[in-house]
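Okay, structure first, notes after.
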Amino acid sequence: MLKPVLAALLLACSAPVASSPQPTSAESTAPSVPTTSAPSAAVAATATLAVAHVPVGTALWAVSFIDEQTGWVIGGSYDGHGLVLGTSDGGKSWVTLASLEILPPGGRTQLRLVDAQSGWLLTSVLLPGNVGGCSPPSTAPPQCRTVIFRTSDGGRSWREQLSVEQPSKLGPGLRGLSAVDDRHAWAIRLTAIGVACSPFNCNLEVVATSDGERWESVAMLPAFSDQLDFIDQRTGWAATYTAKNEPGQPDNTATVVVTHDGGRTWTPQLSIDGQGQFQIAFTDQRSGWALVATNDCVGTPCTSYSLYQTTDGGGSWMKLQDGTAPTSWWSPRNNVSLLRGPHFASASMGWIPVLYDGSGPDAVLLTTDGGRTWARGGPASPNEVWDIHDLAASGQFAWVVGERIGDDAIPRN
């Protein structure tokens with residue numbers, strides 16, 4: 001049985017915090033990345049569950065906090081009905097703000113509030129006549145559309161701004177939502193070259209709004225991407241990737257690209273062949289992290305990860321954690337669990353969700369020293385199993401939303 005879960009993770013600040021490592025200079029397009037050794041200091045954390053009173057069959061899919069007290073959550077069922085929850089006490093209590101005809105489990109639901117009144121929601125909506133999901137066979141007509149909604153009253157009402165039909169098997173036609181204030185937001189739009197999108201014939205447009213209302217295409221990304229991360233009106237990063245089965249591509253290549261003109265032009269920074277896709281997080285114009293899977297486990301179904309850090313806006317990068325090391329920095333090497341992208345609230349405080357895979361519960365990795373050391377936090381009871389869908393961070397707190405698996409999971413305040 002699946003039950004909604006709202007869990008607030010409080011990170012103890014008593015652990016020693018190591019000084020941030022200083023990267024060495026490197027070529028921007030193909031840097032030689034140094035590796036730092038990790039000290040043995042650990043991080044302590046506690047997790048507190050909050051009750052979310054939602055209809056039966058509703059799961060929680062996305063979360064956004066603007067400070068340590070004010071946040072929002074998107075809930076939704078598998079029949080196209082969703083709701084918006086809000087809190088003003090750091091997640092201890094929640095109220096329902098709005099109901100929406102949306103399908104959050106149909107794709108990459110993303111929630112980005114920028115202040116107490118303004119924000120955007122990217123999610124899926126069923127097309128008329130569809131009572132199923134959003135993943136039809138590649139030859140079938142679209143079953144859903146991806147929509148960007150806008151709120152200007154703290155989540156009580158939402159209006160549709162941009163919509164794209166889901167293009168075949170590549171998933172949502174809009175993705176990578178990022179916003180910095182009530183006027184400036186960005187997303188990635190997939191447009192087909194020919195009949196339908198595939199990794200080989202699909203345009204990746206950066207679309208943006210500079211007045212909070214009208215969206216326009218501002219650029220084409222150089223390769224496929226699922227993520228944008230802007231920190232102001234001009235500066236942002238994207239994580240792009242190519243696959244070795246693409247024409248002219250001998251290897252998988254993961255690249256971090258940067259823009260300094262609001263998304264109109266992009267320049268490669270960190271690029272690594274033979275690996276999958278970066279997941280990035282920046283807190284300001286200088287501090288950023290890039291997590292990448294290194295699928296080098298021969299004969300065993302495991303995934304390892306490397307973590308990189310920049311302290312000069314991506315001009316140079318340092319490898320903080322090595323996914324090819326004999327002992328994994330985050331989990332046993334024979335564990336199939338996967339990591340979501342990193343979330344940092346400052347140059348030192350960060351979190352990474354660990355996804356449930358049937359062999360162990362979801363959890364959250366925590367750091368207080370900028371990523372040099374990590375500790376695992378999660379359910380306080382061995383009878384609780386989490387299925388994490390999203391994480392938000394602010395100050396010294398992080399919040400995760402998702403589902404609890406099992407009838408013996410009892411919510412606690």
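Residue numbering restarts at 1 for every chain of the structure tokens, chains are lettered A, B, ... in their displayed order, and ligands are numbered from 1 as they appear.
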
May I have the residues within 9 Å of A:Pro172 as a PyMOL selection string, using only C-alpha atoms and disregarding those fewer than 6 positions away in the same chain?
chain A and resi 106-108+123-124+134+144-146+164-166+189-190

If I take atom CA of A:Leu338 and atom CA of A:Gln279, how far is one from the other in Å, to one decimal?
12.4 Å

Backbone DSSP call of strand (DSSP E or B) for stretch 48-113 of chain A, listed as a PyMOL selection string:
chain A and resi 48-50+59-65+71-76+82-87+95-100+110-113

Please write the residues from the selection above to a file, keeping N, CA and C atoms, as a CSV table (one decimal), in the first residue's frame.
chain,number,residue,atom,x,y,z
A,48,THR,N,11.7,14.0,10.4
A,48,THR,CA,10.4,14.1,11.1
A,48,THR,C,9.3,14.0,10.0
A,49,LEU,N,8.4,13.1,10.2
A,49,LEU,CA,7.3,13.0,9.2
A,49,LEU,C,6.2,14.0,9.6
A,50,ALA,N,5.5,14.6,8.5
A,50,ALA,CA,4.4,15.4,8.7
A,50,ALA,C,3.2,14.8,8.0
A,59,ALA,N,-0.7,10.8,-4.3
A,59,ALA,CA,0.7,10.8,-4.0
A,59,ALA,C,1.2,12.2,-4.1
A,60,LEU,N,2.3,12.5,-3.4
A,60,LEU,CA,2.9,13.8,-3.5
A,60,LEU,C,4.1,13.7,-4.4
A,61,TRP,N,4.2,14.7,-5.4
A,61,TRP,CA,5.1,14.6,-6.5
A,61,TRP,C,6.2,15.7,-6.6
A,62,ALA,N,5.9,16.9,-6.1
A,62,ALA,CA,6.8,18.0,-6.2
A,62,ALA,C,6.7,18.9,-5.0
A,63,VAL,N,7.8,19.5,-4.6
A,63,VAL,CA,7.9,20.4,-3.5
A,63,VAL,C,8.8,21.6,-3.8
A,64,SER,N,8.4,22.8,-3.2
A,64,SER,CA,9.2,24.0,-3.3
A,64,SER,C,9.1,24.8,-2.1
A,65,PHE,N,10.2,25.3,-1.5
A,65,PHE,CA,10.2,26.2,-0.4
A,65,PHE,C,11.0,27.4,-0.7
A,71,GLY,N,6.3,26.9,2.2
A,71,GLY,CA,6.5,26.0,1.1
A,71,GLY,C,5.2,25.5,0.5
A,72,TRP,N,5.3,24.8,-0.6
A,72,TRP,CA,4.2,24.2,-1.4
A,72,TRP,C,4.5,22.8,-1.8
A,73,VAL,N,3.4,22.0,-2.0
A,73,VAL,CA,3.6,20.7,-2.5
A,73,VAL,C,2.5,20.4,-3.6
A,74,ILE,N,2.8,19.6,-4.6
A,74,ILE,CA,1.9,19.2,-5.6
A,74,ILE,C,1.5,17.7,-5.3
A,75,GLY,N,0.2,17.4,-5.2
A,75,GLY,CA,-0.2,16.1,-5.0
A,75,GLY,C,-1.0,15.7,-6.3
A,76,GLY,N,-1.2,14.4,-6.5
A,76,GLY,CA,-2.0,14.0,-7.7
A,76,GLY,C,-2.2,12.5,-7.7
A,82,GLY,N,-5.4,16.6,-9.4
A,82,GLY,CA,-4.3,17.0,-8.6
A,82,GLY,C,-4.7,18.1,-7.6
A,83,LEU,N,-3.8,18.4,-6.7
A,83,LEU,CA,-4.1,19.5,-5.7
A,83,LEU,C,-2.8,20.1,-5.3
A,84,VAL,N,-2.9,21.3,-4.7
A,84,VAL,CA,-1.8,22.1,-4.2
A,84,VAL,C,-1.9,22.3,-2.7
A,85,LEU,N,-0.9,21.9,-2.0
A,85,LEU,CA,-0.9,22.1,-0.5
A,85,LEU,C,0.1,23.2,-0.2
A,86,GLY,N,-0.1,23.9,0.9
A,86,GLY,CA,0.8,25.0,1.4
A,86,GLY,C,1.0,24.9,2.9
A,87,THR,N,2.2,25.3,3.3
A,87,THR,CA,2.6,25.4,4.7
A,87,THR,C,3.2,26.7,5.0
A,95,VAL,N,-2.2,22.9,4.4
A,95,VAL,CA,-3.6,23.2,4.0
A,95,VAL,C,-3.7,23.0,2.5
A,96,THR,N,-4.9,22.7,2.0
A,96,THR,CA,-5.1,22.6,0.6
A,96,THR,C,-5.5,23.9,0.0
A,97,LEU,N,-4.7,24.4,-1.0
A,97,LEU,CA,-4.9,25.7,-1.6
A,97,LEU,C,-5.7,25.7,-2.9
A,98,ALA,N,-5.6,24.6,-3.7
A,98,ALA,CA,-6.2,24.6,-5.0
A,98,ALA,C,-6.3,23.1,-5.4
A,99,SER,N,-7.3,22.9,-6.3
A,99,SER,CA,-7.5,21.6,-7.0
A,99,SER,C,-7.2,21.9,-8.5
A,100,LEU,N,-6.5,20.9,-9.2
A,100,LEU,CA,-6.2,21.1,-10.6
A,100,LEU,C,-6.4,19.8,-11.3
A,110,GLN,N,7.4,19.6,-12.0
A,110,GLN,CA,8.4,20.5,-11.3
A,110,GLN,C,7.7,21.7,-10.8
A,111,LEU,N,8.0,22.1,-9.6
A,111,LEU,CA,7.3,23.2,-8.9
A,111,LEU,C,8.4,24.2,-8.5
A,112,ARG,N,8.2,25.5,-9.0
A,112,ARG,CA,9.2,26.5,-8.7
A,112,ARG,C,8.5,27.8,-8.2
A,113,LEU,N,8.4,28.0,-6.9
A,113,LEU,CA,8.0,29.2,-6.3
A,113,LEU,C,9.2,30.1,-6.1

One decimal, Å: what's the distance from atom CA of A:Gly341 over to atom CA of A:Val401, could you say?
14.7 Å
